[in-house]
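Asks: My file is model-v6.cif. It has mmCIF, C-alpha atoms:
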data_input
loop_
_atom_site.label_atom_id
_atom_site.label_comp_id
_atom_site.auth_asym_id
_atom_site.auth_seq_id
_atom_site.Cartn_x
_atom_site.Cartn_y
_atom_site.Cartn_z
CA MET S 288 0.00 0.00 0.00
CA LEU S 289 1.03 3.61 -0.52
CA LEU S 290 0.72 5.50 2.76
CA ASP S 291 0.23 9.26 2.52
CA LEU S 292 2.54 11.20 4.84
CA PRO S 293 1.90 14.66 6.37
CA ASP S 294 4.67 16.29 4.31
CA GLY S 295 3.08 15.17 1.03
CA ARG S 296 5.31 12.16 0.44
CA GLN S 297 4.13 8.60 -0.04
CA LEU S 298 5.64 5.55 1.64
CA ASP S 299 5.37 2.09 0.08
CA VAL S 300 4.43 -0.33 2.91
CA LEU S 301 3.80 -4.08 2.89
CA VAL S 302 2.23 -6.00 5.78
CA SER S 303 1.83 -9.76 6.12
CA GLY S 304 0.62 -11.87 9.01
CA PRO S 305 -2.28 -11.71 11.47
CA ASP S 306 -4.03 -8.42 12.15
CA HIS S 307 -3.39 -7.18 15.70
CA ALA S 308 -0.18 -9.25 16.06
CA VAL S 309 2.88 -7.32 17.22
CA PRO S 310 4.71 -5.92 14.17
CA PHE S 311 8.22 -7.00 13.26
CA VAL S 312 9.34 -3.85 11.43
CA PHE S 313 12.18 -4.76 9.08
CA HIS S 314 14.46 -2.09 7.59
CA HIS S 315 15.86 -3.35 4.28
CA GLY S 316 19.48 -3.17 3.17
CA THR S 317 21.23 -0.73 0.84
CA PRO S 318 20.03 -0.96 -1.86
CA GLY S 319 16.76 -2.74 -1.14
CA SER S 320 13.00 -2.56 -1.40
CA VAL S 321 9.64 -3.21 0.22
CA LEU S 322 9.61 -6.84 -0.95
CA GLN S 323 9.56 -9.58 1.69
CA THR S 324 11.34 -12.92 1.54
CA ARG S 325 9.33 -16.10 1.89
CA VAL S 326 11.57 -17.30 4.71
CA MET S 327 11.07 -14.13 6.76
CA ARG S 328 7.30 -14.14 6.21
CA ALA S 329 7.09 -17.75 7.39
CA ALA S 330 9.41 -17.22 10.36
CA THR S 331 7.62 -14.13 11.69
CA LEU S 332 4.28 -15.90 11.32
CA GLU S 333 5.60 -18.92 13.21
CA HIS S 334 6.72 -16.58 16.01
CA GLY S 335 3.31 -14.90 16.24
CA MET S 336 4.29 -11.57 14.68
CA ARG S 337 3.25 -9.72 11.54
CA LEU S 338 5.99 -8.67 9.16
CA VAL S 339 6.06 -4.99 8.21
CA THR S 340 8.40 -3.73 5.51
CA PHE S 341 8.59 -0.41 3.74
CA ALA S 342 10.73 1.16 1.04
CA ARG S 343 12.81 4.00 2.43
CA PRO S 344 12.39 7.37 0.66
CA GLY S 345 13.70 7.24 -2.90
CA TYR S 346 13.37 3.46 -3.29
CA GLY S 347 10.68 1.88 -5.48
CA ALA S 348 7.38 3.72 -5.11
CA SER S 349 8.38 5.71 -1.99
CA SER S 350 8.83 9.45 -2.59
CA ARG S 351 12.32 10.85 -2.20
CA LEU S 352 13.28 12.95 0.83
CA PRO S 353 16.38 14.85 -0.36
CA GLY S 354 19.01 15.44 2.28
CA ARG S 355 17.47 12.97 4.71
CA ARG S 356 19.46 11.87 7.73
CA VAL S 357 19.35 8.43 9.30
CA VAL S 358 17.24 9.74 12.20
CA ASP S 359 14.46 10.88 9.86
CA VAL S 360 13.24 7.31 9.42
CA ALA S 361 11.84 7.24 12.96
CA ALA S 362 9.05 9.68 12.09
CA ASP S 363 8.02 7.49 9.13
CA VAL S 364 7.96 4.35 11.28
CA GLU S 365 5.83 6.09 13.90
CA ILE S 366 3.26 6.94 11.23
CA VAL S 367 3.26 3.32 10.01
CA LEU S 368 2.70 2.01 13.55
CA ASP S 369 -0.09 4.53 14.11
CA HIS S 370 -1.71 3.44 10.84
CA LEU S 371 -1.56 -0.19 11.98
CA GLY S 372 -2.87 0.66 15.45
CA ALA S 373 0.22 -0.91 17.00
CA GLU S 374 1.45 0.35 20.35
CA ARG S 375 4.56 -1.86 20.44
CA ALA S 376 6.88 -3.41 17.87
CA VAL S 377 10.16 -5.21 17.39
CA VAL S 378 12.43 -3.47 14.90
CA ALA S 379 15.20 -5.03 12.85
CA GLY S 380 17.62 -3.80 10.22
CA TRP S 381 19.94 -5.62 7.86
CA SER S 382 23.10 -3.96 6.55
CA GLY S 383 22.17 -0.37 5.63
CA GLY S 384 18.89 -0.94 7.43
CA GLY S 385 20.76 -1.35 10.73
CA PRO S 386 21.38 2.37 11.36
CA HIS S 387 17.72 3.04 10.58
CA ALA S 388 16.62 0.38 13.07
CA LEU S 389 18.83 2.04 15.69
CA ALA S 390 17.29 5.44 14.93
CA THR S 391 13.81 3.97 15.28
CA SER S 392 14.53 2.42 18.67
CA ALA S 393 16.34 5.56 19.88
CA ARG S 394 13.49 7.92 19.05
CA LEU S 395 10.56 5.55 19.68
CA THR S 396 11.85 3.95 22.88
CA ASP S 397 8.37 3.74 24.38
CA ARG S 398 7.12 1.72 21.38
CA VAL S 399 10.08 -0.53 20.55
CA ALA S 400 10.36 -3.71 22.60
CA ALA S 401 13.69 -4.90 21.14
CA THR S 402 16.05 -4.22 18.24
CA VAL S 403 17.77 -6.76 16.00
CA LEU S 404 20.81 -5.61 14.03
CA ILE S 405 21.92 -7.91 11.22
CA ALA S 406 25.35 -7.09 9.76
CA SER S 407 24.68 -3.44 10.52
CA VAL S 408 26.74 -0.48 9.42
CA ALA S 409 28.29 1.42 12.34
CA PRO S 410 28.81 5.20 12.44
CA CYS S 411 32.11 6.63 11.25
CA GLY S 412 34.16 9.70 12.07
CA ASP S 413 33.85 11.69 15.28
CA ALA S 414 30.77 9.75 16.45
CA GLY S 415 32.03 6.32 15.53
CA ILE S 416 34.83 4.34 13.94
CA PRO S 417 37.76 6.23 12.38
CA TRP S 418 37.29 6.44 8.62
CA ASP S 419 40.26 4.25 7.68
CA VAL S 420 39.19 1.55 10.16
CA TRP S 421 35.53 1.86 9.07
CA LEU S 422 36.61 0.93 5.53
CA LEU S 423 39.11 -1.74 6.51
CA GLY S 424 38.02 -5.19 5.34
CA MET S 425 35.46 -4.01 2.77
CA GLY S 426 35.60 -5.42 -0.74
CA ASP S 427 36.79 -3.19 -3.58
CA ASP S 428 33.27 -2.33 -4.75
CA ASN S 429 32.34 -0.88 -1.36
CA LEU S 430 35.65 0.99 -1.13
CA ASP S 431 34.86 2.63 -4.47
CA GLU S 432 31.28 3.39 -3.45
CA PHE S 433 32.06 5.01 -0.12
CA GLY S 434 35.05 6.81 -1.57
CA CYS S 435 32.56 8.51 -3.90
CA ALA S 436 30.13 9.13 -1.01
CA ALA S 437 32.86 10.97 0.90
CA ARG S 438 33.29 13.29 -2.10
CA GLY S 439 29.59 14.17 -2.33
CA GLU S 440 26.42 13.65 -4.33
CA GLU S 441 27.69 14.24 -7.86
CA PRO S 442 30.49 11.63 -7.96
CA LEU S 443 28.36 9.19 -5.96
CA ARG S 444 25.40 9.50 -8.33
CA ALA S 445 27.64 8.85 -11.33
CA TYR S 446 29.06 5.75 -9.68
CA LEU S 447 25.68 4.36 -8.55
CA ASP S 448 24.07 4.97 -11.94
CA GLY S 449 26.69 2.67 -13.43
CA GLN S 450 26.15 0.01 -10.78
CA ALA S 451 22.34 0.18 -10.98
CA ALA S 452 22.37 -0.35 -14.74
CA ASP S 453 23.69 -3.85 -14.07
CA LEU S 454 21.59 -4.65 -10.99
CA ARG S 455 18.17 -3.65 -12.36
CA GLU S 456 17.98 -6.71 -14.60
CA ALA S 457 20.54 -9.00 -12.95
CA ASP S 458 19.81 -12.61 -12.07
CA PRO S 459 21.60 -14.30 -9.14
CA HIS S 460 24.53 -15.42 -11.31
CA GLN S 461 25.00 -11.91 -12.66
CA ILE S 462 24.80 -10.50 -9.13
CA MET S 463 27.63 -12.83 -8.11
CA ALA S 464 29.68 -11.58 -11.05
CA ASN S 465 28.90 -7.91 -10.45
CA MET S 466 29.55 -8.08 -6.70
CA ALA S 467 32.45 -10.56 -6.75
CA SER S 468 34.69 -8.48 -4.46
CA LEU S 469 31.97 -8.43 -1.78
CA LEU S 470 31.03 -12.11 -1.68
CA PRO S 471 33.04 -14.66 0.29
CA PRO S 472 32.27 -18.33 -0.50
CA VAL S 473 29.63 -18.58 2.25
CA ASP S 474 27.68 -15.71 0.69
CA ARG S 475 28.08 -17.00 -2.86
CA ALA S 476 26.51 -20.24 -1.66
CA ALA S 477 23.54 -18.28 -0.25
CA LEU S 478 22.82 -16.86 -3.71
CA THR S 479 22.39 -20.26 -5.33
CA ASP S 480 18.94 -20.97 -3.86
CA GLU S 481 15.63 -19.13 -3.52
CA PHE S 482 17.25 -16.24 -1.66
CA GLY S 483 19.24 -15.34 -4.78
CA ASP S 484 16.06 -14.83 -6.80
CA GLU S 485 14.52 -12.78 -3.99
CA LEU S 486 17.59 -10.57 -3.64
CA ALA S 487 17.56 -9.94 -7.39
CA ALA S 488 13.87 -9.03 -7.23
CA ALA S 489 14.58 -6.61 -4.36
CA PHE S 490 17.24 -4.84 -6.42
CA HIS S 491 14.95 -4.63 -9.44
CA GLU S 492 12.08 -3.14 -7.41
CA GLY S 493 14.14 -0.78 -5.29
CA LEU S 494 16.05 0.71 -8.25
CA ARG S 495 13.29 0.79 -10.86
CA ASN S 496 12.84 4.56 -10.58
CA GLY S 497 16.51 5.45 -10.13
CA VAL S 498 19.22 5.50 -7.49
CA ASP S 499 17.91 8.27 -5.21
CA GLY S 500 17.24 5.96 -2.27
CA TRP S 501 20.64 4.26 -2.54
CA LEU S 502 22.40 7.60 -2.91
CA ASP S 503 20.64 9.19 0.05
CA ASP S 504 21.40 6.14 2.23
CA ASP S 505 25.12 6.33 1.45
CA LEU S 506 25.34 10.07 2.03
CA ALA S 507 23.50 9.68 5.35
CA PHE S 508 25.85 6.93 6.54
CA VAL S 509 28.99 9.07 6.16
CA GLU S 510 27.45 12.13 7.86
CA ASP S 511 26.12 12.68 11.39
CA TRP S 512 23.22 10.28 11.91
CA GLY S 513 21.22 12.85 13.88
CA PHE S 514 20.88 10.94 17.15
CA ASP S 515 23.10 9.60 19.92
CA LEU S 516 23.51 5.85 20.24
CA ASP S 517 23.06 6.26 23.99
CA GLU S 518 19.40 7.16 23.33
CA GLY S 519 18.71 3.52 22.52
CA THR S 520 17.81 1.94 25.85
CA VAL S 521 16.01 -1.17 24.57
CA PRO S 522 17.66 -4.63 24.29
CA THR S 523 19.65 -4.66 21.05
CA TYR S 524 20.86 -7.92 19.51
CA VAL S 525 23.97 -7.43 17.38
CA TRP S 526 24.48 -10.17 14.76
CA GLN S 527 27.67 -9.99 12.70
CA GLY S 528 29.70 -12.50 10.70
CA SER S 529 33.49 -12.62 10.67
CA ALA S 530 33.60 -13.34 6.90
CA ASP S 531 31.53 -10.26 5.93
CA LEU S 532 33.13 -8.25 3.08
CA MET S 533 30.34 -5.67 2.83
CA VAL S 534 30.13 -4.55 6.45
CA PRO S 535 33.35 -5.66 8.17
CA PHE S 536 33.42 -7.56 11.45
CA ALA S 537 34.79 -4.46 13.21
CA HIS S 538 31.43 -2.72 12.79
CA GLY S 539 29.63 -5.41 14.78
CA GLN S 540 32.37 -5.45 17.40
CA TRP S 541 32.19 -1.68 17.80
CA LEU S 542 28.40 -1.65 18.13
CA SER S 543 28.53 -4.51 20.63
CA GLU S 544 30.88 -2.47 22.82
CA ARG S 545 29.11 0.90 22.50
CA LEU S 546 25.36 0.25 22.54
CA PRO S 547 23.91 0.56 26.06
CA ARG S 548 22.01 -2.76 26.04
CA ALA S 549 23.83 -4.75 23.38
CA ILE S 550 23.61 -8.53 23.28
CA PRO S 551 26.36 -9.58 20.83
CA HIS S 552 26.26 -12.53 18.47
CA LEU S 553 29.61 -12.32 16.66
CA GLU S 554 29.49 -15.39 14.45
CA VAL S 555 32.71 -16.93 13.14
CA GLY S 556 32.54 -17.90 9.47
CA GLU S 557 29.25 -16.19 8.61
CA GLY S 558 29.00 -13.63 5.82
CA HIS S 559 26.78 -10.68 5.04
CA LEU S 560 24.05 -12.70 3.34
CA SER S 561 24.44 -16.04 5.08
CA ILE S 562 23.93 -14.71 8.60
CA ALA S 563 20.60 -13.18 7.59
CA ILE S 564 19.39 -16.63 6.53
CA ASP S 565 21.13 -19.07 8.87
CA ALA S 566 20.47 -17.20 12.12
CA LEU S 567 16.95 -15.90 11.44
CA ASP S 568 15.09 -18.34 13.70
CA ARG S 569 17.52 -17.69 16.55
CA MET S 570 17.05 -13.95 16.09
CA LEU S 571 13.29 -14.26 16.32
CA ASP S 572 13.46 -16.69 19.24
CA GLU S 573 15.17 -13.96 21.23
CA ALA S 574 13.12 -11.04 19.95
CA VAL S 575 9.77 -12.64 20.73
CA THR S 576 10.64 -12.89 24.41
CA HIS S 577 10.28 -9.10 24.68
CA ILE S 578 6.66 -8.90 23.51
#
So that I can check it, write out the structure of this file as structure tokens.
Replies:
Amino acid sequence: MLLDLPDGRQLDVLVSGPDHAVPFVFHHGTPGSVLQTRVMRAATLEHGMRLVTFARPGYGASSRLPGRRVVDVAADVEIVLDHLGAERAVVAGWSGGGPHALATSARLTDRVAATVLIASVAPCGDAGIPWDVWLLGMGDDNLDEFGCAARGEEPLRAYLDGQAADLREADPHQIMANMASLLPPVDRAALTDEFGDELAAAFHEGLRNGVDGWLDDDLAFVEDWGFDLDEGTVPTYVWQGSADLMVPFAHGQWLSERLPRAIPHLEVGEGHLSIAIDALDRMLDEAVTHI
């Protein structure tokens, strides 16, 4: 559904599962889309929750919000929860969705029961990890991407336009070729089954109207996020794999040490994609105890 927002924007929202069940609000990766995976729909249903996804501004059918900061997502989530009549929720974020999950729990503390971070990006610079350490361990494609982000919108847009041209129509095998520097063997294996088709579909949907969402995510990550991590006082499960070449292990370690109520799961041998699949039931087993 397209939800009308007070500032005139529209937000593309998808809800599955029983009415009146506690929402599991999932913030997609960068790039990503509103689409839900079959495995996540089934797992949230089995755990008695309803899965709520939405496309961040600039992705798919969601209107762009130029210059948005990470913190701005909290206001959108509050409107979604109000629309659903939900007083409480569990929030989760994968990869680039992680900072947005943290912003949601920081600003909606009275409505968020728990937070699940899956291979989440950590802040960089004065508020986080030094820039050179923040980049350390990323594959070449991410080094190029964030090098452009540090230089501003124009070089980043040129870079992402080139990347998106390949991803909009890519199948799982083409994704593996295009993202070779970011995929350790454990993640390449994850792309050979149903998840590969679903990831390709998410890229197609999220980028069908351009790269604005992707661009605004990247620019927001390398600037001030607009909130203090100490604002997040809810239990926060930090899941990170040691083999991750997209978001390095150091990000998960840093978040585990800095978040006020972090419960770390630093998994040896897991990658960026594999951990989101292999550990999902364990993530939900923990999250459901807070509702």
Asks: Which is closer to S:Ile550 than all the others in S:Ser468, S:Thr340, S:Thr402, S:Asn496, using all atoms listed in the file?
Replies: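 Using all atoms listed in the file, S:Ile550 sits closest to S:Thr402.
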Asks: With distances taken over all atoms listed in the file, which residue among S:Thr391, S:Ser407, S:Thr576, S:Thr317 lies nearest S:Gly519?
Replies: S:Thr391
Asks: Considering all atoms listed in the file, return as a ChimeraX atom specification whatever protein or nucleic-acid residues lie within 7 Å of S:Asp474, sequence-local ones (same chain, fewer than 6 positions apart) excluded.
Replies: /S:558-561
Asks: Please provide as a VMD selection string all residues within 10 Å of S:Gly424, with the sequence filter that same-chain residues fewer than 6 positions apart are discarded (counting only C-alpha atoms).
Replies: chain S and resid 430 469 530 to 537
Asks: Going by the chain IDs and residue numbers used in this file, which residues fall under the PyMOL selection byres ((chain S and resi 398) around 8)? Write them as a list of chain:residue names.
Replies: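 Selection result, ordered by chain and number: S:Glu374, S:Arg375, S:Ala376, S:Ser392, S:Leu395, S:Thr396, S:Asp397, S:Val399, S:Ala400.
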Asks: Smallest atom-to-atom distance to S:Glu518: which of S:Gly354, S:Gly500, S:Pro547, S:Gly412, using all atoms listed in the file?
Replies: S:Pro547
Asks: For a test of reading the model, state the distance in Å between atom CA of S:Gly497 and atom CA of S:Ile564, rounded to one decimal.
Replies: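 A separation of 27.8 Å between them.
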Asks: Give me the stretch 404-465 of chain S side of the contact with stretch 505-510 of chain S, cut-off 9 Å, one line per residue showing its nearest atom pair and distance in Å at one decimal, counting all atoms listed in the file, sorted by chain and residue number, as a Markdown table.
Replies:
| residue | atom | partner | partner_atom | distance |
| --- | --- | --- | --- | --- |
| S:Val408 | CA | S:Phe508 | CA | 8.0 |
| S:Ala409 | CA | S:Phe508 | CA | 8.4 |
| S:Pro410 | CA | S:Phe508 | CA | 6.8 |
| S:Cys411 | CA | S:Val509 | CA | 6.4 |
| S:Gly412 | CA | S:Val509 | CA | 7.9 |
| S:Glu432 | CA | S:Asp505 | CA | 8.4 |
| S:Phe433 | CA | S:Asp505 | CA | 7.2 |
| S:Ala436 | CA | S:Leu506 | CA | 5.8 |
| S:Ala437 | CA | S:Val509 | CA | 6.8 |
| S:Gly439 | CA | S:Leu506 | CA | 7.3 |
| S:Glu440 | CA | S:Leu506 | CA | 7.4 |
| S:Leu443 | CA | S:Asp505 | CA | 8.6 |
Asks: Taking the file as shown, what set of residues would the PyMOL selection byres ((chain S and resi 448-454) around 9) give back, as a ChimeraX atom specification?
Replies: /S:443-447,455-458,461-462,465,487,490-491,494,497-498
Asks: What residues come out when you apply the PyMOL selection byres ((chain S and resi 359) around 10) to this file, written as a ChimeraX atom specification?
Replies: /S:352,354-358,360-364,387,390-391,394,512-514
Asks: Taking all atoms listed in the file into account, name the residue in S:Val420, S:Val367, S:Met570, S:Leu502 that is nearest to S:Pro442.
Replies: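 Of S:Val420, S:Val367, S:Met570, S:Leu502, the one nearest S:Pro442, counting all atoms listed in the file, is S:Leu502.
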